[in-house]
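coords_35.pdb follows; it contains PDB, C-alpha atoms and all ligand atoms.
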ATOM      1  CA  MET A   1      89.200   1.938 112.932  1.00  0.00           C
ATOM      2  CA  SER A   2      88.506   5.457 111.862  1.00  0.00           C
ATOM      3  CA  LEU A   3      86.093   6.969 109.385  1.00  0.00           C
ATOM      4  CA  PHE A   4      87.767   7.494 106.016  1.00  0.00           C
ATOM      5  CA  ILE A   5      86.286  10.390 104.025  1.00  0.00           C
ATOM      6  CA  VAL A   6      87.135  11.514 100.501  1.00  0.00           C
ATOM      7  CA  PHE A   7      86.226  14.797  98.812  1.00  0.00           C
ATOM      8  CA  GLU A   8      85.907  14.782  95.044  1.00  0.00           C
ATOM      9  CA  GLY A   9      84.895  17.341  92.466  1.00  0.00           C
ATOM     10  CA  LEU A  10      86.057  19.560  89.656  1.00  0.00           C
ATOM     11  CA  ASP A  11      88.243  22.532  90.358  1.00  0.00           C
ATOM     12  CA  GLY A  12      86.327  25.515  91.754  1.00  0.00           C
ATOM     13  CA  SER A  13      83.665  23.380  93.398  1.00  0.00           C
ATOM     14  CA  GLY A  14      84.573  24.489  96.922  1.00  0.00           C
ATOM     15  CA  LYS A  15      86.177  21.231  98.072  1.00  0.00           C
ATOM     16  CA  SER A  16      88.926  22.932 100.054  1.00  0.00           C
ATOM     17  CA  THR A  17      86.578  25.336 101.834  1.00  0.00           C
ATOM     18  CA  GLN A  18      84.329  22.480 102.909  1.00  0.00           C
ATOM     19  CA  GLN A  19      87.237  20.405 104.167  1.00  0.00           C
ATOM     20  CA  GLN A  20      88.481  23.320 106.224  1.00  0.00           C
ATOM     21  CA  LEU A  21      85.010  23.866 107.710  1.00  0.00           C
ATOM     22  CA  LEU A  22      84.695  20.155 108.496  1.00  0.00           C
ATOM     23  CA  ASN A  23      88.080  20.139 110.202  1.00  0.00           C
ATOM     24  CA  ASP A  24      87.122  23.177 112.303  1.00  0.00           C
ATOM     25  CA  LYS A  25      83.877  21.538 113.428  1.00  0.00           C
ATOM     26  CA  LEU A  26      85.579  18.246 114.263  1.00  0.00           C
ATOM     27  CA  GLN A  27      88.159  20.107 116.296  1.00  0.00           C
ATOM     28  CA  ILE A  28      85.489  21.911 118.319  1.00  0.00           C
ATOM     29  CA  ASP A  29      83.892  18.534 119.076  1.00  0.00           C
ATOM     30  CA  LYS A  30      87.297  17.083 120.036  1.00  0.00           C
ATOM     31  CA  ILE A  31      87.115  14.462 117.291  1.00  0.00           C
ATOM     32  CA  SER A  32      90.644  13.808 116.092  1.00  0.00           C
ATOM     33  CA  SER A  33      91.169  14.206 112.368  1.00  0.00           C
ATOM     34  CA  ILE A  34      93.897  14.489 109.776  1.00  0.00           C
ATOM     35  CA  SER A  35      93.772  15.660 106.159  1.00  0.00           C
ATOM     36  CA  PHE A  36      95.772  14.748 103.071  1.00  0.00           C
ATOM     37  CA  ARG A  37      95.580  15.751  99.458  1.00  0.00           C
ATOM     38  CA  GLU A  38      96.193  13.952  96.206  1.00  0.00           C
ATOM     39  CA  PRO A  39      98.485  14.300  94.399  1.00  0.00           C
ATOM     40  CA  GLY A  40     101.023  15.274  97.073  1.00  0.00           C
ATOM     41  CA  SER A  41     101.236  14.842 100.841  1.00  0.00           C
ATOM     42  CA  THR A  42     104.469  12.771 100.643  1.00  0.00           C
ATOM     43  CA  VAL A  43     108.003  13.544  99.458  1.00  0.00           C
ATOM     44  CA  ILE A  44     107.560  11.586  96.225  1.00  0.00           C
ATOM     45  CA  GLY A  45     104.035  12.953  95.823  1.00  0.00           C
ATOM     46  CA  GLU A  46     105.270  16.554  95.987  1.00  0.00           C
ATOM     47  CA  LYS A  47     107.882  15.771  93.341  1.00  0.00           C
ATOM     48  CA  ILE A  48     105.113  14.403  91.137  1.00  0.00           C
ATOM     49  CA  VAL A  49     103.038  17.538  91.713  1.00  0.00           C
ATOM     50  CA  LYS A  50     105.985  19.557  90.384  1.00  0.00           C
ATOM     51  CA  ILE A  51     106.129  17.428  87.220  1.00  0.00           C
ATOM     52  CA  LEU A  52     102.371  17.712  86.716  1.00  0.00           C
ATOM     53  CA  GLN A  53     102.480  21.466  87.231  1.00  0.00           C
ATOM     54  CA  SER A  54     105.345  21.896  84.773  1.00  0.00           C
ATOM     55  CA  ASP A  55     104.952  22.164  81.017  1.00  0.00           C
ATOM     56  CA  GLN A  56     106.474  18.660  80.675  1.00  0.00           C
ATOM     57  CA  LYS A  57     104.646  16.859  77.893  1.00  0.00           C
ATOM     58  CA  LEU A  58     103.007  13.667  79.235  1.00  0.00           C
ATOM     59  CA  SER A  59     101.006  10.959  77.514  1.00  0.00           C
ATOM     60  CA  PRO A  60      97.703  10.086  79.201  1.00  0.00           C
ATOM     61  CA  LEU A  61      99.297   6.795  80.343  1.00  0.00           C
ATOM     62  CA  SER A  62     102.304   8.541  81.928  1.00  0.00           C
ATOM     63  CA  GLU A  63      99.969  10.978  83.613  1.00  0.00           C
ATOM     64  CA  LEU A  64      97.852   8.141  85.005  1.00  0.00           C
ATOM     65  CA  LEU A  65     100.900   6.235  86.281  1.00  0.00           C
ATOM     66  CA  LEU A  66     102.295   9.336  87.958  1.00  0.00           C
ATOM     67  CA  PHE A  67      99.065   9.749  89.883  1.00  0.00           C
ATOM     68  CA  TYR A  68      99.317   6.111  90.943  1.00  0.00           C
ATOM     69  CA  VAL A  69     102.915   6.464  92.138  1.00  0.00           C
ATOM     70  CA  SER A  70     101.802   9.368  94.269  1.00  0.00           C
ATOM     71  CA  ARG A  71      98.726   7.423  95.422  1.00  0.00           C
ATOM     72  CA  SER A  72     100.721   4.351  96.380  1.00  0.00           C
ATOM     73  CA  ALA A  73     103.020   6.497  98.538  1.00  0.00           C
ATOM     74  CA  ILE A  74     100.222   8.355 100.280  1.00  0.00           C
ATOM     75  CA  ILE A  75      98.372   5.126 101.061  1.00  0.00           C
ATOM     76  CA  GLU A  76     101.400   3.357 102.525  1.00  0.00           C
ATOM     77  CA  GLU A  77     103.056   6.302 104.266  1.00  0.00           C
ATOM     78  CA  LYS A  78     100.088   8.388 105.390  1.00  0.00           C
ATOM     79  CA  ILE A  79      96.610   6.932 105.047  1.00  0.00           C
ATOM     80  CA  LYS A  80      97.213   3.475 106.522  1.00  0.00           C
ATOM     81  CA  PRO A  81      98.961   4.758 109.665  1.00  0.00           C
ATOM     82  CA  ALA A  82      96.387   7.542 110.037  1.00  0.00           C
ATOM     83  CA  LEU A  83      93.519   5.042 109.943  1.00  0.00           C
ATOM     84  CA  GLU A  84      95.033   3.466 113.062  1.00  0.00           C
ATOM     85  CA  ASN A  85      95.434   6.730 114.931  1.00  0.00           C
ATOM     86  CA  TYR A  86      92.630   9.197 114.158  1.00  0.00           C
ATOM     87  CA  ASP A  87      88.847   9.213 114.444  1.00  0.00           C
ATOM     88  CA  VAL A  88      88.501  10.754 110.993  1.00  0.00           C
ATOM     89  CA  VAL A  89      90.882  10.652 108.017  1.00  0.00           C
ATOM     90  CA  ILE A  90      90.122  13.053 105.160  1.00  0.00           C
ATOM     91  CA  CYS A  91      91.604  12.901 101.679  1.00  0.00           C
ATOM     92  CA  ASP A  92      91.178  15.619  99.065  1.00  0.00           C
ATOM     93  CA  ARG A  93      90.770  13.449  95.933  1.00  0.00           C
ATOM     94  CA  TYR A  94      91.471   9.717  95.686  1.00  0.00           C
ATOM     95  CA  PHE A  95      91.322   7.088  92.952  1.00  0.00           C
ATOM     96  CA  TYR A  96      87.911   8.333  91.819  1.00  0.00           C
ATOM     97  CA  SER A  97      89.772  11.343  90.367  1.00  0.00           C
ATOM     98  CA  SER A  98      91.739   8.976  88.118  1.00  0.00           C
ATOM     99  CA  ILE A  99      88.563   7.274  86.959  1.00  0.00           C
ATOM    100  CA  ALA A 100      86.840  10.624  86.372  1.00  0.00           C
ATOM    101  CA  TYR A 101      89.739  12.578  84.779  1.00  0.00           C
ATOM    102  CA  GLN A 102      91.849   9.902  83.077  1.00  0.00           C
ATOM    103  CA  GLY A 103      89.037   7.403  82.469  1.00  0.00           C
ATOM    104  CA  TYR A 104      86.021   9.524  81.572  1.00  0.00           C
ATOM    105  CA  GLY A 105      87.897  12.756  80.720  1.00  0.00           C
ATOM    106  CA  ARG A 106      90.854  11.410  78.734  1.00  0.00           C
ATOM    107  CA  GLU A 107      88.907   8.325  77.681  1.00  0.00           C
ATOM    108  CA  MET A 108      91.424   5.796  78.971  1.00  0.00           C
ATOM    109  CA  ASN A 109      90.228   2.243  79.475  1.00  0.00           C
ATOM    110  CA  ILE A 110      88.410   2.202  82.810  1.00  0.00           C
ATOM    111  CA  ASP A 111      88.880  -1.557  83.284  1.00  0.00           C
ATOM    112  CA  PHE A 112      92.639  -0.972  83.003  1.00  0.00           C
ATOM    113  CA  ILE A 113      92.476   1.807  85.604  1.00  0.00           C
ATOM    114  CA  ASN A 114      90.451  -0.456  87.877  1.00  0.00           C
ATOM    115  CA  GLN A 115      93.088  -3.170  87.493  1.00  0.00           C
ATOM    116  CA  ILE A 116      95.901  -0.844  88.618  1.00  0.00           C
ATOM    117  CA  ASN A 117      93.595   0.339  91.314  1.00  0.00           C
ATOM    118  CA  ASP A 118      93.058  -3.149  92.711  1.00  0.00           C
ATOM    119  CA  GLU A 119      96.812  -3.536  93.141  1.00  0.00           C
ATOM    120  CA  VAL A 120      97.500  -0.106  94.630  1.00  0.00           C
ATOM    121  CA  VAL A 121      94.440   0.673  96.710  1.00  0.00           C
ATOM    122  CA  LYS A 122      93.504  -2.867  97.808  1.00  0.00           C
ATOM    123  CA  ASN A 123      91.097  -2.594 100.734  1.00  0.00           C
ATOM    124  CA  ILE A 124      91.808   1.034 101.624  1.00  0.00           C
ATOM    125  CA  ILE A 125      88.394   2.175 100.474  1.00  0.00           C
ATOM    126  CA  PRO A 126      86.643   5.244 101.904  1.00  0.00           C
ATOM    127  CA  ASP A 127      83.482   5.037 103.973  1.00  0.00           C
ATOM    128  CA  LEU A 128      82.071   8.253 102.538  1.00  0.00           C
ATOM    129  CA  ILE A 129      82.658  10.292  99.402  1.00  0.00           C
ATOM    130  CA  PHE A 130      81.432  13.884  99.224  1.00  0.00           C
ATOM    131  CA  TYR A 131      81.214  14.859  95.580  1.00  0.00           C
ATOM    132  CA  MET A 132      80.903  18.603  95.022  1.00  0.00           C
ATOM    133  CA  ASP A 133      79.067  18.997  91.746  1.00  0.00           C
ATOM    134  CA  ILE A 134      79.681  22.138  89.699  1.00  0.00           C
ATOM    135  CA  ASN A 135      78.602  22.975  86.173  1.00  0.00           C
ATOM    136  CA  TRP A 136      80.848  24.614  83.592  1.00  0.00           C
ATOM    137  CA  GLU A 137      79.173  28.062  83.689  1.00  0.00           C
ATOM    138  CA  GLU A 138      79.522  28.300  87.468  1.00  0.00           C
ATOM    139  CA  LYS A 139      83.121  27.091  87.384  1.00  0.00           C
ATOM    140  CA  ILE A 140      84.070  29.778  84.831  1.00  0.00           C
ATOM    141  CA  LYS A 141      82.233  32.406  86.870  1.00  0.00           C
ATOM    142  CA  ARG A 142      84.216  31.455  89.967  1.00  0.00           C
ATOM    143  CA  LYS A 143      87.649  30.730  88.557  1.00  0.00           C
ATOM    144  CA  GLY A 144      87.991  31.752  84.923  1.00  0.00           C
ATOM    145  CA  ILE A 145      90.356  29.519  82.981  1.00  0.00           C
ATOM    146  CA  ASN A 146      93.952  29.068  84.067  1.00  0.00           C
ATOM    147  CA  VAL A 147      95.675  28.334  80.782  1.00  0.00           C
ATOM    148  CA  ASN A 148      98.853  27.252  82.563  1.00  0.00           C
ATOM    149  CA  ASP A 149      97.224  24.393  84.424  1.00  0.00           C
ATOM    150  CA  ARG A 150      97.325  20.972  82.717  1.00  0.00           C
ATOM    151  CA  PHE A 151      93.712  20.202  83.653  1.00  0.00           C
ATOM    152  CA  GLU A 152      92.094  23.610  83.998  1.00  0.00           C
ATOM    153  CA  LYS A 153      92.925  24.636  80.472  1.00  0.00           C
ATOM    154  CA  GLU A 154      90.817  21.745  79.246  1.00  0.00           C
ATOM    155  CA  ASP A 155      87.566  22.816  77.703  1.00  0.00           C
ATOM    156  CA  ARG A 156      83.928  22.459  78.430  1.00  0.00           C
ATOM    157  CA  VAL A 157      83.738  19.048  76.751  1.00  0.00           C
ATOM    158  CA  PHE A 158      86.416  17.711  79.104  1.00  0.00           C
ATOM    159  CA  HIS A 159      84.671  19.263  82.112  1.00  0.00           C
ATOM    160  CA  ASP A 160      81.368  17.664  81.138  1.00  0.00           C
ATOM    161  CA  LYS A 161      82.960  14.251  80.581  1.00  0.00           C
ATOM    162  CA  VAL A 162      84.655  14.325  83.998  1.00  0.00           C
ATOM    163  CA  ARG A 163      81.450  15.523  85.612  1.00  0.00           C
ATOM    164  CA  SER A 164      79.336  12.787  84.063  1.00  0.00           C
ATOM    165  CA  GLY A 165      81.947  10.253  85.190  1.00  0.00           C
ATOM    166  CA  TYR A 166      81.624  11.425  88.776  1.00  0.00           C
ATOM    167  CA  ILE A 167      77.842  11.377  88.605  1.00  0.00           C
ATOM    168  CA  SER A 168      77.727   7.851  87.237  1.00  0.00           C
ATOM    169  CA  MET A 169      80.117   6.590  89.947  1.00  0.00           C
ATOM    170  CA  ALA A 170      78.004   8.342  92.583  1.00  0.00           C
ATOM    171  CA  LYS A 171      74.784   6.848  91.287  1.00  0.00           C
ATOM    172  CA  LYS A 172      76.236   3.341  91.315  1.00  0.00           C
ATOM    173  CA  ASP A 173      77.040   3.520  95.023  1.00  0.00           C
ATOM    174  CA  SER A 174      74.616   6.000  96.498  1.00  0.00           C
ATOM    175  CA  ASP A 175      75.103   4.755 100.085  1.00  0.00           C
ATOM    176  CA  LYS A 176      78.677   6.019 100.172  1.00  0.00           C
ATOM    177  CA  TRP A 177      78.509   8.866  97.679  1.00  0.00           C
ATOM    178  CA  LYS A 178      76.858  12.137  98.648  1.00  0.00           C
ATOM    179  CA  ILE A 179      76.277  14.436  95.689  1.00  0.00           C
ATOM    180  CA  ILE A 180      76.414  18.074  96.785  1.00  0.00           C
ATOM    181  CA  ASP A 181      75.253  20.982  94.645  1.00  0.00           C
ATOM    182  CA  ALA A 182      78.235  23.349  94.831  1.00  0.00           C
ATOM    183  CA  GLU A 183      75.934  26.331  94.260  1.00  0.00           C
ATOM    184  CA  GLU A 184      74.128  25.723  97.563  1.00  0.00           C
ATOM    185  CA  ASP A 185      74.878  28.018 100.480  1.00  0.00           C
ATOM    186  CA  VAL A 186      78.331  27.279 101.969  1.00  0.00           C
ATOM    187  CA  GLU A 187      77.013  26.961 105.531  1.00  0.00           C
ATOM    188  CA  ASN A 188      74.176  24.659 104.481  1.00  0.00           C
ATOM    189  CA  ILE A 189      76.626  22.397 102.687  1.00  0.00           C
ATOM    190  CA  SER A 190      78.932  22.407 105.678  1.00  0.00           C
ATOM    191  CA  SER A 191      76.114  21.462 108.078  1.00  0.00           C
ATOM    192  CA  PHE A 192      75.011  18.639 105.800  1.00  0.00           C
ATOM    193  CA  ILE A 193      78.577  17.292 105.610  1.00  0.00           C
ATOM    194  CA  TYR A 194      79.054  17.533 109.349  1.00  0.00           C
ATOM    195  CA  GLU A 195      75.749  15.856 110.173  1.00  0.00           C
ATOM    196  CA  THR A 196      76.549  13.045 107.723  1.00  0.00           C
ATOM    197  CA  VAL A 197      79.985  12.540 109.256  1.00  0.00           C
ATOM    198  CA  LYS A 198      78.595  12.537 112.803  1.00  0.00           C
ATOM    199  CA  TYR A 199      75.911  10.035 111.820  1.00  0.00           C
ATOM    200  CA  ASN A 200      78.501   7.729 110.251  1.00  0.00           C
ATOM    201  CA  LEU A 201      80.799   8.026 113.261  1.00  0.00           C
ATOM    202  CA  ASN A 202      77.997   6.830 115.490  1.00  0.00           C
ATOM    203  CA  THR A 203      76.988   3.843 113.370  1.00  0.00           C
TER     204      THR A 203
HETATM  205  P1  LIG B 301      95.231  20.537  92.158  1.00  0.00           P
HETATM  206  O1  LIG B 301      95.845  21.838  91.807  1.00  0.00           O
HETATM  207  O2  LIG B 301      95.591  19.859  93.390  1.00  0.00           O
HETATM  208  O3  LIG B 301      93.663  20.710  91.988  1.00  0.00           O
HETATM  209  P2  LIG B 301      92.457  20.697  92.994  1.00  0.00           P
HETATM  210  O4  LIG B 301      92.671  21.801  93.976  1.00  0.00           O
HETATM  211  O5  LIG B 301      91.303  20.936  92.065  1.00  0.00           O
HETATM  212  O6  LIG B 301      92.388  19.328  93.627  1.00  0.00           O
HETATM  213  O7  LIG B 301      95.514  19.596  90.906  1.00  0.00           O
HETATM  214  C1  LIG B 301      95.080  18.366  90.829  1.00  0.00           C
HETATM  215  C2  LIG B 301      94.607  18.175  89.400  1.00  0.00           C
HETATM  216  O8  LIG B 301      94.913  16.849  89.016  1.00  0.00           O
HETATM  217  C3  LIG B 301      93.113  18.353  89.268  1.00  0.00           C
HETATM  218  O9  LIG B 301      92.819  19.130  88.119  1.00  0.00           O
HETATM  219  C4  LIG B 301      92.603  16.959  89.050  1.00  0.00           C
HETATM  220  C5  LIG B 301      93.766  16.219  88.506  1.00  0.00           C
HETATM  221  N1  LIG B 301      93.830  14.778  88.889  1.00  0.00           N
HETATM  222  C6  LIG B 301      93.715  13.798  87.917  1.00  0.00           C
HETATM  223  O10 LIG B 301      93.546  14.119  86.732  1.00  0.00           O
HETATM  224  N2  LIG B 301      93.789  12.501  88.273  1.00  0.00           N
HETATM  225  C7  LIG B 301      94.013  12.104  89.558  1.00  0.00           C
HETATM  226  O11 LIG B 301      94.085  10.883  89.844  1.00  0.00           O
HETATM  227  C8  LIG B 301      94.136  13.119  90.568  1.00  0.00           C
HETATM  228  C9  LIG B 301      94.365  12.745  91.999  1.00  0.00           C
HETATM  229  C10 LIG B 301      94.036  14.447  90.186  1.00  0.00           C
END

Could you express the structure from this file as structure tokens?
Amino acid sequence: MSLFIVFEGLDGSGKSTQQQLLNDKLQIDKISSISFREPGSTVIGEKIVKILQSDQKLSPLSELLLFYVSRSAIIEEKIKPALENYDVVICDRYFYSSIAYQGYGREMNIDFINQINDEVVKNIIPDLIFYMDINWEEKIKRKGINVNDRFEKEDRVFHDKVRSGYISMAKKDSDKWKIIDAEEDVENISSFIYETVKYNLNT
């Protein structure tokens, strides 16, 4: 069974850069790995990405269910088979994004999200979650605000709600969750992530 790793964080936190660096290091060490991203990574998932990126009006419930359709497909078609065939499986976002964005951010009922989650995710739970923590000021400095993006155009209040959601999930399960200060030096973060992954591969 392989090591299942998830990256979480608000946009602009450097998630993608860190995943790329991790992949490069794993490759050098000849540790087989594969990466996916949510939403997306499957045919149905990419169709859902198009809906989410469009100006289609969606209720919070529709939005949540779309993420879960995409999630169900990626779990069945990609993650489960990958867990049989690779040393390390990496996913850019997972159900924690739904709890953080739809639950804490859009204030949907978290027990309801957890109920859907139990049906869709079942026992496909990551071993490690790297949460890249970024504050609003730093995010704006890095990215500005993309008014065309459904989530990025949300304001500081939304950002802070999502962020506090992530932090409270991380604090509840501090063995699995690693909170990373996104303002730290990129190479230092990358070394920390790699060392943590290597340690968990060997235990
Ligand atoms: P994407 O452009 O892939 O953003 P990123 O590069 O930051 O991952 O868009 C995904 C957006 O969807 C992102 O703003 C977070 C949001 N999202 C949710 O609200 N709920 C979810 O369950 C998932 C997976 C993503």

Practice item. Could I get the residue neighbourhood of ligand LIG 301 (chain B) at 6 Å, counting only C-alpha atoms and all ligand atoms, as a list in words? Key: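 Taking only C-alpha atoms and all ligand atoms into account, the residues around ligand LIG 301 (chain B) at most 6 Å away are Leu10, Asp11, Glu38, Pro39, Phe67, Arg93, Tyr94, Phe95, Ser97, Ser98, Tyr101, Gln102 and Phe151 of chain A.
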
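In terms of minimum interatomic distance to A:Gln56, A:Arg150 ranks closest within A:Lys78, A:Arg150, A:Lys15, A:Lys139, counting all atoms listed in the file.
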
Residues at most 12 Å from A:Lys141, counting only C-alpha atoms, excluding those fewer than 5 positions away in the same chain, as an mmCIF file with C-alpha atoms, in the coordinates of the input?
data_model
loop_
_atom_site.group_PDB
_atom_site.id
_atom_site.type_symbol
_atom_site.label_atom_id
_atom_site.label_comp_id
_atom_site.auth_asym_id
_atom_site.auth_seq_id
_atom_site.Cartn_x
_atom_site.Cartn_y
_atom_site.Cartn_z
ATOM 1 C CA GLY A 12 86.327 25.515 91.754
ATOM 2 C CA SER A 13 83.665 23.380 93.398
ATOM 3 C CA ILE A 134 79.681 22.138 89.699
ATOM 4 C CA ASN A 135 78.602 22.975 86.173
ATOM 5 C CA TRP A 136 80.848 24.614 83.592
ATOM 6 C CA GLU A 183 75.934 26.331 94.260
#

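For the atom pair formed by atom CA of A:Gln19 and atom CA of A:Ile31, the distance is 14.4 Å, given to one decimal.
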
If we count all atoms listed in the file, what is near A:Glu8 at a cut-off of 7 Å, once residues fewer than 2 positions away on the same chain are taken out, given as a short mmCIF file (atom, residue, chain, number, x, y, z; two decimals) with C-alpha atoms, keeping the file's coordinate frame?
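Listed below is the output, part.cif:
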data_model
loop_
_atom_site.label_atom_id
_atom_site.label_comp_id
_atom_site.auth_asym_id
_atom_site.auth_seq_id
_atom_site.Cartn_x
_atom_site.Cartn_y
_atom_site.Cartn_z
CA VAL A 6 87.14 11.51 100.50
CA ASP A 92 91.18 15.62 99.06
CA ARG A 93 90.77 13.45 95.93
CA SER A 97 89.77 11.34 90.37
CA PHE A 130 81.43 13.88 99.22
CA TYR A 131 81.21 14.86 95.58
CA MET A 132 80.90 18.60 95.02
#

Review point. If the PyMOL selection byres (((chain A and resi 149) around 12) and not hetatm) is run on the structure shown, which residues does it catch, given as an MDAnalysis selection string?
Key: chainID A and resid 11 49:56 144:148 150:155

Exercise for review: May I have the residues within 9 Å of A:Asn200 as a list in words, using only C-alpha atoms and disregarding those fewer than 2 positions away in the same chain?
Suggested key: Leu3, Asp127, Leu128, Glu195, Thr196, Val197, Lys198, Asn202 and Thr203 of chain A

Review point. In terms of the shortest atom-to-atom distance over only C-alpha atoms, which of A:Leu58, A:Ser32, A:Ile189, A:Gly14 is closest to A:Arg142?
Key: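 The closest residue to A:Arg142 is A:Gly14.
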
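Note that atom CA of A:Ile129 and atom CA of A:Phe7 are 5.8 Å apart.
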